[in-house]
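Presented below is the structure to which this report refers.
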Amino acid sequence: MSLDFSADAKQKIEALCERYPSRQPVVMAALHLALKEFGALTDDVLRHVAQTLDLPYAHVYGVATFYVMYKREPSGTNTLRVCTNISCMLRGGYEVLEAFERRLGIARGQSTEDFHLVEEECIAACANAPAIVCGTKYFLDVKPEEVADIIAFLRANPHPESEVV
Amino acid sequence: MTCEVGYTILTTHFGNEDAKKIEVYEKLGGYQALRKALKMAPADIVNEVKASNLRGRGGAGFPTGLKWSFLPKDATDVYLVANADESEPGTCKDRELMYWDPHQFIEGFIISAFAIGAAGHNYIYIRGEMMREYVVMQQAIAEAYQRGYLGKNVLGTNFECHITMHRGAGAYICGEETALLNSLEGLRGQPRLKPPFPAVKGLFGKPTIVNNVETLCNVKYIVDKGGQWFADLGAGRSGGTRIVCVSGHVQKPGVYELPMNISFRQLIDEVCGGVWPTGATVKAVIPGGSSMPPLDASELDVLCEFDALMTDERIRPCEYGPDRVFDMGGGRVLRSMAGSGGIVVMNDRTDLVAACSRIMDFYKHESCGQCTPCREGTNWLESVLDRLERGEGRPQDADLLLDMSDNIGGKSLCALGDAAIGPVISSVRKFRDEYVHHVEHKSCLPGTTRYRRLDMPVAH
Ligand SMILES: Cc1cc2nc3c(=O)[nH]c(=O)nc-3n(C[C@H](O)[C@H](O)[C@H](O)COP(=O)(O)O)c2cc1C
Ligand code: SF4
Ligand code: FES
């Protein structure tokens with residue numbers, strides 16, 4: 001196994017371990033870091049995280065598969081999280097989601113090279129429904145006809161969520 | 001953001017991009033309350049919080065001072081954990097509080113930690129999807145360390161306080177406080193059996209207080225202006241202002257800081273500019289996040305305040321059937337609850353069955369799967385609602401929904417099970433004609449919209 005965290009990531013992990021009474025809680029942050037460094041949480045990556053934190057592989061596997069943001073497979077650069085929960089649904093969230101599907105030529109849950117399209121639950125931007133989050137960027141009060149502009153903006157200014165660690 | 005009946009206390013810095021910089025926050029009077037608090041005896045701060053009638057803003061409205069007093073008297077190694085997992089559908093205040101005023105939150109947090117004796121390491125559990133807010137909070141915490149508000153000796157005293165941001169990774173259930181603690185410990189985010197309550201045995205087995213972001217922000221003002229001032233600001237047994245997030249079918253959706261004793265009707269008409277689109281009327285209002293039983297148009301004169309929503313007899317009680325009420329314990333029947341302040345207005349053109357079905361889809365997806373009534377029950381409820389929507393409903397389905405809800409309510413390990421059935425039992429009771437129409441006509445009520453195409457399978 002040739003995987004190895006970068007020196008920067010290793011340092012971050014060790015610094016975080018100082019802030020908890022054991023290494024186990026750092027698994028959440030380590031998985032976010034692994035996603036950034038390795039692109040997907042494959043079995044090998046999970047083994048490496050386990051080794052780094054002295055945890056059983058089964059433990060890390062259990063955690064990684066519980067939380068939906070831990071991607072087990074590589075996906076498009078920008079993860080578009082399009083909310084369709086109640087407030088967004090009432091203001092046209094599904095129309096926005098469908099507009100993305102048509103524009104990108106993929107169904108929700110799928111990826112192109114630069115986009116991963118997710119039907120998301122409430123992202124706490126309900127007063128500006130329909131809302132989308134992509135990494136550190138929000139798109140608020142979105143109309144279906146704005147979808148092309150959003151795509152163009154993110155192609156020019158990628159906002160990968162794995163950058164946030 | 002501004003409105004005539006509104007307050008600007010917690011929301012003072014909303015819209016001011018500079019207020020998140022520590023030097024600006026300090027110039028605006030920031031961290032003065034912390035200085036004052038550090039000169040007080042911790043027990044006196046707890047007493048002020050008790051006198052303030054501050055109630056938790058995370059969902060249950062539990063009195064904060066009382067919660068704090070559940071900590072064992074001689075406890076050492078106490079933890080304070082902030083619940084910044086905000087994911088109750090319809091709720092969007094904690095995210096705004098963190099984005100616009102991170103230092104207000106940090107200041108309230110440090111004061112609260114000092115008051116409850118949570119020296120050493122403490123944590124903010126932030127939802128994974130809130131990436132922008134995570135970056136803002138990290139920056140603000142770094143600044144607070146630089147200025148001596150955090151660290152080994154807070155402002156030169158011998159109080160040691162550290163804050164670590166712990167990022168979630170996408171799971172609604174981690175907002176439930178014991179699931180949150182498990183997630184903080186690096187486990188799957190599944191709730192723990194209570195008791196023991198976190199105040200006795202919480203994070204890493206130690207006494208722990210979990211409080212919502214807005215709750216902790218309020219503590220700053222209680223110390224600054226006194227518990228009595230805060231209590232007077234509120235109404236009845238609920239102190240302070242109420243931040244509500246109004247979404248759905250109103251002309252001016254928004255996050256508003258309002259008096260506790262405002263009615264839903266005033267809120268919609270005076271604050272939010274009326275129902276949207278012009279000419280539509282209110283059919284239903286979710287009063288505090290999707291878990292709270294919706295009100296119908298005849299119940300809008302009720303106040304947004306915590307006790308009003310639980311006890312006002314103008315709100316019809318939730319019942320599974322004749323003489324089968326939803327018992328919240330101690331013989332109290334569930335009417336509704338103020339929850340997290342997420343108010344969702346639905347106009348007369350809304351297909352209530354479709355709305356309920358989308359909400360159930362959420363709970364089914366977010367059930368952690370640990371206990372059977374919730375895991376299986378949310379699945380079943382969702383499939384019956386779905387078949388009603390598809391025109392395949394059966395005459396007994398409305399009663400079936402109530403019966404299934406009866407098998408979940410009060411029989412699940414955590415409150416997610418109860419949360420999931422709130423919208424069902426209340427909407428079947430109040431909008432039964434719509435359920436019946438779906439069965440008899442294999443379609444929604446004329447003039448209503450279901451908002452999502454039924455040929456689209458929902459993949460997550
Ligand atoms: C399913 C479920 C989800 C919850 N989600 C949140 C949440 O996102 N944020 C929050 O502050 N409280 C949430 N709560 C309430 C917490 O369990 C807890 O009561 C709260 O954080 C306590 O803080 P408070 O007393 O300041 O309100 C949730 C509860 C349940 C049952
Ligand atoms: S009630 Fe639902 S969410 Fe709560 S523990 Fe049981 S299965 Fe999990
Ligand atoms: S329902 Fe879409 S952001 Fe809350």
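Order determines the names: the first chain of the structure tokens is A, the second B, and so forth; residues in each chain are numbered 1 upward, and ligands are numbered 1 upward as they are shown.
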Legend entry - Nearby residues (only C-alpha atoms) at most 6 Å from region 107-113 of chain A, same-chain spacing under 5 positions excluded, as a list of chain:residue names: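 Listing them by chain and then by number gives A:Ser75, A:Gly76, A:Glu101, A:Val118.
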Inset, instruction - Kindly determine which residues of chain B lie within 8 Å of chain A, considering only C-alpha atoms, and give the answer as JSON, numbers by chain. - result: {"B": [86, 87, 88, 89, 90, 91, 92, 93, 95, 121, 128, 129, 130, 131, 132, 133, 135, 164, 166, 167, 168, 169, 170, 171, 183, 184, 185, 186, 187, 188, 189, 245, 246, 247, 248, 249, 253, 254, 255, 290, 344, 346, 350, 355, 358, 359, 362, 451, 452, 459, 460]}
Go ahead and save the residues from that selection, with C-alpha atoms, as a tab-separated table (two decimals), in the first residue's frame.
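New file out33.tsv:
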```tsv
chain	number	residue	atom	x	y	z
B	86	GLU	CA	-28.83	22.79	12.51
B	87	SER	CA	-30.64	20.54	10.07
B	88	GLU	CA	-34.28	20.55	11.14
B	89	PRO	CA	-36.10	21.33	7.88
B	90	GLY	CA	-37.30	24.93	7.90
B	91	THR	CA	-34.61	26.15	10.33
B	92	CYS	CA	-31.89	28.57	9.24
B	93	LYS	CA	-30.87	30.74	12.17
B	95	ARG	CA	-26.04	29.15	10.37
B	121	HIS	CA	-11.31	21.38	26.23
B	128	GLY	CA	-20.62	18.94	7.74
B	129	GLU	CA	-22.49	20.77	5.00
B	130	MET	CA	-21.88	24.16	6.63
B	131	MET	CA	-18.51	24.64	5.03
B	132	ARG	CA	-18.57	28.41	4.74
B	133	GLU	CA	-19.56	28.76	8.40
B	135	VAL	CA	-14.22	28.44	7.79
B	164	THR	CA	-12.32	22.74	19.00
B	166	HIS	CA	-15.73	19.12	15.28
B	167	ARG	CA	-17.17	18.73	11.80
B	168	GLY	CA	-19.97	16.32	11.07
B	169	ALA	CA	-20.31	14.62	7.73
B	170	GLY	CA	-23.96	14.52	6.81
B	171	ALA	CA	-26.44	12.95	9.23
B	183	SER	CA	-20.21	11.42	16.71
B	184	LEU	CA	-17.88	13.63	18.74
B	185	GLU	CA	-16.31	10.51	20.17
B	186	GLY	CA	-15.58	9.25	16.66
B	187	LEU	CA	-18.42	6.74	16.56
B	188	ARG	CA	-21.39	6.28	14.27
B	189	GLY	CA	-23.91	8.97	15.11
B	245	CYS	CA	-36.95	31.57	10.21
B	246	VAL	CA	-39.96	32.09	7.99
B	247	SER	CA	-40.01	30.23	4.72
B	248	GLY	CA	-42.46	28.89	2.18
B	249	HIS	CA	-45.39	30.87	0.89
B	253	PRO	CA	-39.34	35.07	3.83
B	254	GLY	CA	-36.51	35.76	6.24
B	255	VAL	CA	-34.80	35.32	9.58
B	290	SER	CA	-40.74	19.93	10.14
B	344	VAL	CA	-43.00	27.08	7.11
B	346	MET	CA	-48.10	26.68	3.06
B	350	THR	CA	-50.43	23.21	-1.51
B	355	ALA	CA	-45.93	17.96	1.71
B	358	ARG	CA	-41.79	14.75	1.30
B	359	ILE	CA	-41.28	15.30	5.02
B	362	PHE	CA	-36.71	12.86	4.97
B	451	TYR	CA	-44.42	20.18	-6.51
B	452	ARG	CA	-42.58	17.05	-7.50
B	459	ALA	CA	-32.23	8.70	-4.97
B	460	HIS	CA	-29.98	9.96	-2.27
```
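Summary of the local environment: counting only C-alpha atoms, residues at most 8 Å from Ala40 (chain A), other than itself and those fewer than 4 positions away along its chain, are Ala34, Leu35, Val45, Tyr70, Lys71, Arg72, Glu73, Pro74 and Ser75 of chain A.
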Inset, instruction - Give the residue list for ligand 2 at 7 Å, counting only C-alpha atoms and all ligand atoms, as a ChimeraX atom specification, sorted by chain and then by residue number. - result: /B:173,190-191,366-372,374-375,412-417
Store the residues of this selection in a file with N, CA, C and O atoms, as a PDB file, in the first residue's frame.
```pdb
ATOM      1  N   ILE B 173     -29.460  12.996  12.252  1.00  0.00           N
ATOM      2  CA  ILE B 173     -29.618  12.463  13.606  1.00  0.00           C
ATOM      3  C   ILE B 173     -28.534  12.987  14.545  1.00  0.00           C
ATOM      4  O   ILE B 173     -28.723  13.021  15.760  1.00  0.00           O
ATOM      5  N   GLN B 190     -25.251   7.437  16.388  1.00  0.00           N
ATOM      6  CA  GLN B 190     -26.513   6.841  16.823  1.00  0.00           C
ATOM      7  C   GLN B 190     -26.812   7.247  18.253  1.00  0.00           C
ATOM      8  O   GLN B 190     -25.918   7.267  19.099  1.00  0.00           O
ATOM      9  N   PRO B 191     -28.066   7.597  18.531  1.00  0.00           N
ATOM     10  CA  PRO B 191     -28.418   8.068  19.876  1.00  0.00           C
ATOM     11  C   PRO B 191     -28.147   7.016  20.956  1.00  0.00           C
ATOM     12  O   PRO B 191     -28.130   5.819  20.685  1.00  0.00           O
ATOM     13  N   GLU B 366     -33.333   9.638   7.241  1.00  0.00           N
ATOM     14  CA  GLU B 366     -32.477  10.050   8.354  1.00  0.00           C
ATOM     15  C   GLU B 366     -32.607   9.173   9.600  1.00  0.00           C
ATOM     16  O   GLU B 366     -31.838   9.340  10.543  1.00  0.00           O
ATOM     17  N   SER B 367     -33.568   8.269   9.620  1.00  0.00           N
ATOM     18  CA  SER B 367     -33.652   7.339  10.749  1.00  0.00           C
ATOM     19  C   SER B 367     -32.329   6.590  10.837  1.00  0.00           C
ATOM     20  O   SER B 367     -31.834   6.089   9.832  1.00  0.00           O
ATOM     21  N   CYS B 368     -31.756   6.519  12.036  1.00  0.00           N
ATOM     22  CA  CYS B 368     -30.429   5.912  12.132  1.00  0.00           C
ATOM     23  C   CYS B 368     -30.491   4.395  12.065  1.00  0.00           C
ATOM     24  O   CYS B 368     -29.473   3.730  11.941  1.00  0.00           O
ATOM     25  N   GLY B 369     -31.687   3.850  12.148  1.00  0.00           N
ATOM     26  CA  GLY B 369     -31.837   2.416  11.945  1.00  0.00           C
ATOM     27  C   GLY B 369     -31.607   1.574  13.185  1.00  0.00           C
ATOM     28  O   GLY B 369     -31.669   0.346  13.147  1.00  0.00           O
ATOM     29  N   GLN B 370     -31.392   2.247  14.301  1.00  0.00           N
ATOM     30  CA  GLN B 370     -31.026   1.517  15.507  1.00  0.00           C
ATOM     31  C   GLN B 370     -32.204   0.775  16.136  1.00  0.00           C
ATOM     32  O   GLN B 370     -32.041  -0.297  16.700  1.00  0.00           O
ATOM     33  N   CYS B 371     -33.391   1.377  16.079  1.00  0.00           N
ATOM     34  CA  CYS B 371     -34.525   0.693  16.699  1.00  0.00           C
ATOM     35  C   CYS B 371     -35.663   0.493  15.696  1.00  0.00           C
ATOM     36  O   CYS B 371     -35.869   1.298  14.795  1.00  0.00           O
ATOM     37  N   THR B 372     -36.382  -0.589  15.897  1.00  0.00           N
ATOM     38  CA  THR B 372     -37.319  -1.072  14.880  1.00  0.00           C
ATOM     39  C   THR B 372     -38.520  -0.161  14.627  1.00  0.00           C
ATOM     40  O   THR B 372     -38.846   0.085  13.471  1.00  0.00           O
ATOM     41  N   CYS B 374     -38.968   2.962  14.655  1.00  0.00           N
ATOM     42  CA  CYS B 374     -38.621   4.118  13.838  1.00  0.00           C
ATOM     43  C   CYS B 374     -38.116   3.690  12.468  1.00  0.00           C
ATOM     44  O   CYS B 374     -38.560   4.185  11.440  1.00  0.00           O
ATOM     45  N   ARG B 375     -37.182   2.740  12.439  1.00  0.00           N
ATOM     46  CA  ARG B 375     -36.604   2.312  11.155  1.00  0.00           C
ATOM     47  C   ARG B 375     -37.686   1.767  10.228  1.00  0.00           C
ATOM     48  O   ARG B 375     -37.831   2.193   9.085  1.00  0.00           O
ATOM     49  N   SER B 412     -39.959   4.692  20.582  1.00  0.00           N
ATOM     50  CA  SER B 412     -38.647   4.703  19.925  1.00  0.00           C
ATOM     51  C   SER B 412     -37.591   5.171  20.902  1.00  0.00           C
ATOM     52  O   SER B 412     -37.884   5.810  21.897  1.00  0.00           O
ATOM     53  N   LEU B 413     -36.364   4.861  20.563  1.00  0.00           N
ATOM     54  CA  LEU B 413     -35.257   5.153  21.457  1.00  0.00           C
ATOM     55  C   LEU B 413     -34.990   6.657  21.592  1.00  0.00           C
ATOM     56  O   LEU B 413     -34.705   7.153  22.662  1.00  0.00           O
ATOM     57  N   CYS B 414     -35.093   7.387  20.510  1.00  0.00           N
ATOM     58  CA  CYS B 414     -34.873   8.828  20.610  1.00  0.00           C
ATOM     59  C   CYS B 414     -36.074   9.566  20.051  1.00  0.00           C
ATOM     60  O   CYS B 414     -37.016   8.960  19.552  1.00  0.00           O
ATOM     61  N   ALA B 415     -36.016  10.886  20.096  1.00  0.00           N
ATOM     62  CA  ALA B 415     -37.179  11.684  19.721  1.00  0.00           C
ATOM     63  C   ALA B 415     -37.390  11.773  18.210  1.00  0.00           C
ATOM     64  O   ALA B 415     -38.370  12.366  17.766  1.00  0.00           O
ATOM     65  N   LEU B 416     -36.506  11.183  17.409  1.00  0.00           N
ATOM     66  CA  LEU B 416     -36.741  11.247  15.965  1.00  0.00           C
ATOM     67  C   LEU B 416     -38.025  10.513  15.590  1.00  0.00           C
ATOM     68  O   LEU B 416     -38.774  10.938  14.719  1.00  0.00           O
ATOM     69  N   GLY B 417     -38.273   9.413  16.269  1.00  0.00           N
ATOM     70  CA  GLY B 417     -39.501   8.676  15.993  1.00  0.00           C
ATOM     71  C   GLY B 417     -40.735   9.541  16.228  1.00  0.00           C
ATOM     72  O   GLY B 417     -41.622   9.628  15.378  1.00  0.00           O
TER      73      GLY B 417
END
```
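Each of B:Val345, B:Pro277, B:Pro423, B:Val223 was checked against ligand 3 using only C-alpha atoms and all ligand atoms; the smallest atom-to-atom distance is that of B:Val345.
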Inset, instruction - Pick out the closest residue to Glu257 (chain B) from this set: B:Asp399, B:Glu313, B:Asp232, B:Glu214. Count only C-alpha atoms. - result: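 Selected residue with least distance to Glu257 (chain B): B:Glu214.
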Legend entry - Two-atom distance - CA of Ala297 (chain B), CA of Glu434 (chain B) (Å): 15.0 Å
Legend entry - For Leu258 (chain B), the nearest of the candidates B:Val213, B:Ala142, B:Leu334, B:Leu10, counting only C-alpha atoms: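 Among B:Val213, B:Ala142, B:Leu334, B:Leu10, it is B:Leu10 that comes nearest to Leu258 (chain B).
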Ligand 1: which residues are within 7 Å, counting only C-alpha atoms and all ligand atoms, as a short mmCIF file (atom, residue, chain, number, x, y, z; two decimals) with all heavy atoms, in the first residue's frame?
```cif
data_model
loop_
_atom_site.label_atom_id
_atom_site.label_comp_id
_atom_site.auth_asym_id
_atom_site.auth_seq_id
_atom_site.Cartn_x
_atom_site.Cartn_y
_atom_site.Cartn_z
N ARG B 55 -34.80 29.63 27.56
CA ARG B 55 -35.16 28.25 27.22
C ARG B 55 -34.43 27.83 25.95
O ARG B 55 -34.19 28.64 25.06
CB ARG B 55 -36.67 28.14 27.03
CG ARG B 55 -37.38 28.42 28.35
CD ARG B 55 -38.85 28.54 28.19
NE ARG B 55 -39.49 27.26 27.92
CZ ARG B 55 -40.80 27.06 28.06
NH1 ARG B 55 -41.58 28.04 28.45
NH2 ARG B 55 -41.32 25.89 27.80
N GLY B 56 -34.03 26.58 25.91
CA GLY B 56 -33.20 26.07 24.83
C GLY B 56 -33.83 26.32 23.47
O GLY B 56 -35.02 26.10 23.27
N ARG B 57 -33.00 26.79 22.55
CA ARG B 57 -33.49 27.13 21.21
C ARG B 57 -33.25 26.00 20.20
O ARG B 57 -33.42 26.20 19.01
CB ARG B 57 -32.80 28.41 20.71
CG ARG B 57 -32.96 29.62 21.63
CD ARG B 57 -34.42 30.07 21.71
NE ARG B 57 -34.52 31.47 22.13
CZ ARG B 57 -34.91 31.89 23.32
NH1 ARG B 57 -35.21 31.01 24.26
NH2 ARG B 57 -35.00 33.17 23.59
N GLY B 58 -32.83 24.84 20.69
CA GLY B 58 -32.53 23.74 19.76
C GLY B 58 -33.75 22.94 19.35
O GLY B 58 -33.74 22.24 18.36
N GLY B 59 -34.81 23.02 20.14
CA GLY B 59 -36.01 22.26 19.76
C GLY B 59 -36.95 22.00 20.92
O GLY B 59 -38.15 22.16 20.80
N ALA B 60 -36.40 21.65 22.07
CA ALA B 60 -37.27 21.22 23.16
C ALA B 60 -37.72 22.38 24.05
O ALA B 60 -38.66 22.25 24.82
CB ALA B 60 -36.58 20.15 24.00
N GLY B 61 -37.04 23.51 23.98
CA GLY B 61 -37.41 24.65 24.80
C GLY B 61 -37.19 24.40 26.28
O GLY B 61 -37.87 24.98 27.14
N PHE B 62 -36.23 23.56 26.61
CA PHE B 62 -35.99 23.23 28.02
C PHE B 62 -35.26 24.38 28.72
O PHE B 62 -34.32 24.95 28.16
CB PHE B 62 -35.15 21.94 28.10
CG PHE B 62 -35.14 21.34 29.46
CD1 PHE B 62 -36.18 20.53 29.88
CD2 PHE B 62 -34.11 21.63 30.36
CE1 PHE B 62 -36.19 19.99 31.16
CE2 PHE B 62 -34.11 21.09 31.64
CZ PHE B 62 -35.16 20.27 32.04
N THR B 64 -32.76 26.56 30.35
CA THR B 64 -31.30 26.36 30.31
C THR B 64 -30.69 26.33 31.71
O THR B 64 -29.84 25.48 32.00
CB THR B 64 -30.66 27.48 29.46
OG1 THR B 64 -31.30 27.48 28.19
CG2 THR B 64 -29.18 27.26 29.28
N ASN B 83 -24.26 22.72 20.06
CA ASN B 83 -24.92 22.00 18.99
C ASN B 83 -25.13 22.94 17.80
O ASN B 83 -26.04 23.77 17.80
CB ASN B 83 -26.26 21.45 19.50
CG ASN B 83 -26.93 20.51 18.52
OD1 ASN B 83 -26.61 20.51 17.33
ND2 ASN B 83 -27.86 19.70 19.02
N ALA B 84 -24.24 22.83 16.83
CA ALA B 84 -24.33 23.65 15.62
C ALA B 84 -24.58 22.74 14.42
O ALA B 84 -24.00 22.89 13.36
CB ALA B 84 -23.05 24.46 15.43
N ASP B 85 -25.48 21.78 14.64
CA ASP B 85 -25.76 20.81 13.59
C ASP B 85 -27.00 21.20 12.78
O ASP B 85 -27.41 20.48 11.87
CB ASP B 85 -25.98 19.42 14.20
CG ASP B 85 -25.97 18.33 13.14
OD1 ASP B 85 -24.97 18.25 12.42
OD2 ASP B 85 -26.96 17.58 13.02
N GLU B 86 -27.58 22.32 13.12
CA GLU B 86 -28.83 22.79 12.51
C GLU B 86 -29.21 22.09 11.19
O GLU B 86 -28.64 22.36 10.14
CB GLU B 86 -28.73 24.30 12.25
CG GLU B 86 -30.03 24.92 11.75
CD GLU B 86 -29.92 26.44 11.66
OE1 GLU B 86 -29.19 26.95 10.82
OE2 GLU B 86 -30.57 27.11 12.50
N SER B 87 -30.20 21.23 11.29
CA SER B 87 -30.64 20.54 10.07
C SER B 87 -32.12 20.19 10.11
O SER B 87 -32.61 19.44 9.28
CB SER B 87 -29.80 19.29 9.82
OG SER B 87 -29.41 18.68 11.02
N GLU B 88 -32.83 20.75 11.07
CA GLU B 88 -34.28 20.55 11.14
C GLU B 88 -34.92 21.32 9.98
O GLU B 88 -34.78 22.55 9.91
CB GLU B 88 -34.79 21.09 12.49
CG GLU B 88 -36.28 21.16 12.64
CD GLU B 88 -36.92 19.82 12.99
OE1 GLU B 88 -36.19 18.83 13.19
OE2 GLU B 88 -38.16 19.78 13.04
N TYR B 172 -28.58 13.94 9.81
CA TYR B 172 -29.52 14.75 10.60
C TYR B 172 -29.54 14.30 12.05
O TYR B 172 -29.62 15.11 12.97
CB TYR B 172 -30.92 14.63 9.98
CG TYR B 172 -32.06 15.12 10.84
CD1 TYR B 172 -32.23 16.48 11.11
CD2 TYR B 172 -33.00 14.24 11.36
CE1 TYR B 172 -33.30 16.93 11.88
CE2 TYR B 172 -34.07 14.68 12.12
CZ TYR B 172 -34.21 16.02 12.39
OH TYR B 172 -35.26 16.47 13.14
N ILE B 173 -29.46 13.00 12.25
CA ILE B 173 -29.62 12.46 13.61
C ILE B 173 -28.53 12.99 14.55
O ILE B 173 -28.72 13.02 15.76
CB ILE B 173 -29.65 10.91 13.58
CG1 ILE B 173 -30.08 10.34 14.93
CG2 ILE B 173 -28.32 10.33 13.15
CD1 ILE B 173 -31.45 10.81 15.40
N CYS B 174 -27.41 13.44 14.02
CA CYS B 174 -26.35 13.96 14.90
C CYS B 174 -26.75 15.27 15.58
O CYS B 174 -26.01 15.76 16.43
CB CYS B 174 -25.05 14.13 14.12
SG CYS B 174 -24.31 12.54 13.73
N GLY B 175 -27.89 15.83 15.24
CA GLY B 175 -28.40 16.97 15.99
C GLY B 175 -29.00 16.54 17.31
O GLY B 175 -29.10 17.32 18.25
N GLU B 176 -29.42 15.29 17.41
CA GLU B 176 -29.92 14.75 18.67
C GLU B 176 -28.71 14.66 19.61
O GLU B 176 -27.66 14.15 19.22
CB GLU B 176 -30.56 13.37 18.43
CG GLU B 176 -31.41 12.85 19.56
CD GLU B 176 -30.64 12.29 20.74
OE1 GLU B 176 -29.48 11.84 20.54
OE2 GLU B 176 -31.16 12.29 21.85
N GLU B 177 -28.86 15.15 20.83
CA GLU B 177 -27.66 15.41 21.62
C GLU B 177 -26.80 14.19 21.94
O GLU B 177 -25.58 14.29 21.97
CB GLU B 177 -28.00 16.17 22.90
CG GLU B 177 -29.01 15.47 23.81
CD GLU B 177 -29.39 16.33 25.00
OE1 GLU B 177 -29.00 17.51 25.05
OE2 GLU B 177 -30.07 15.81 25.90
N VAL B 210 -25.05 20.07 26.61
CA VAL B 210 -25.17 20.34 25.17
C VAL B 210 -26.19 21.47 25.01
O VAL B 210 -27.31 21.36 25.50
CB VAL B 210 -25.67 19.10 24.40
CG1 VAL B 210 -25.75 19.40 22.90
CG2 VAL B 210 -24.76 17.90 24.64
N ASN B 211 -25.78 22.54 24.37
CA ASN B 211 -26.69 23.65 24.11
C ASN B 211 -26.63 24.10 22.67
O ASN B 211 -25.57 24.03 22.02
CB ASN B 211 -26.37 24.86 25.01
CG ASN B 211 -27.05 24.82 26.37
OD1 ASN B 211 -26.44 25.08 27.39
ND2 ASN B 211 -28.35 24.51 26.38
N ASN B 212 -27.74 24.57 22.22
CA ASN B 212 -27.86 25.10 20.87
C ASN B 212 -27.08 26.42 20.71
O ASN B 212 -26.86 27.14 21.68
CB ASN B 212 -29.37 25.32 20.61
CG ASN B 212 -29.63 26.06 19.33
OD1 ASN B 212 -29.84 27.27 19.32
ND2 ASN B 212 -29.63 25.34 18.22
N VAL B 213 -26.70 26.74 19.50
CA VAL B 213 -25.95 27.97 19.19
C VAL B 213 -26.68 29.22 19.71
O VAL B 213 -26.10 30.04 20.42
CB VAL B 213 -25.76 28.11 17.65
CG1 VAL B 213 -25.11 29.45 17.30
CG2 VAL B 213 -24.96 26.96 17.09
N THR B 215 -29.02 29.49 21.92
CA THR B 215 -29.10 29.48 23.39
C THR B 215 -27.84 30.11 23.97
O THR B 215 -27.91 30.99 24.84
CB THR B 215 -29.22 28.03 23.91
OG1 THR B 215 -30.25 27.35 23.19
CG2 THR B 215 -29.50 27.99 25.39
N CYS B 414 -35.09 7.39 20.51
CA CYS B 414 -34.87 8.83 20.61
C CYS B 414 -36.07 9.57 20.05
O CYS B 414 -37.02 8.96 19.55
CB CYS B 414 -33.58 9.25 19.90
SG CYS B 414 -33.78 9.55 18.13
N ALA B 415 -36.02 10.89 20.10
CA ALA B 415 -37.18 11.68 19.72
C ALA B 415 -37.39 11.77 18.21
O ALA B 415 -38.37 12.37 17.77
CB ALA B 415 -37.06 13.09 20.32
N LEU B 416 -36.51 11.18 17.41
CA LEU B 416 -36.74 11.25 15.97
C LEU B 416 -38.02 10.51 15.59
O LEU B 416 -38.77 10.94 14.72
CB LEU B 416 -35.56 10.69 15.15
CG LEU B 416 -35.68 10.90 13.64
CD1 LEU B 416 -34.37 11.31 13.00
CD2 LEU B 416 -36.24 9.67 12.91
N ALA B 419 -40.78 12.77 16.32
CA ALA B 419 -40.72 13.89 15.38
C ALA B 419 -41.35 13.50 14.05
O ALA B 419 -42.09 14.27 13.45
CB ALA B 419 -39.26 14.31 15.16
#
```
Inset, instruction - Please identify which residues in region 143-363 of chain B DSSP calls strand (DSSP E) from the backbone, and express them as JSON, numbers by chain. - result: {"B": [161, 162, 163, 164, 165, 166, 167, 208, 209, 210, 211, 212, 242, 243, 244, 245, 246, 247, 248, 254, 255, 256, 257, 258, 282, 283, 284, 285, 286, 295, 296, 319, 320, 321, 324, 325, 342, 343, 344, 345, 346, 347]}
Legend entry - Test item, helix (DSSP H, G or I) assignment across chain A, answer as a PyMOL selection string: chain A and resi 7-17+24-38+43-53+57-64+86-90+93-104+126-128+144-156+161-163
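Ranking A:Val142, A:Asn78, A:Arg103, A:Ile132 by their shortest atom-to-atom distance to ligand 3, with only C-alpha atoms and all ligand atoms included, puts A:Ile132 first.
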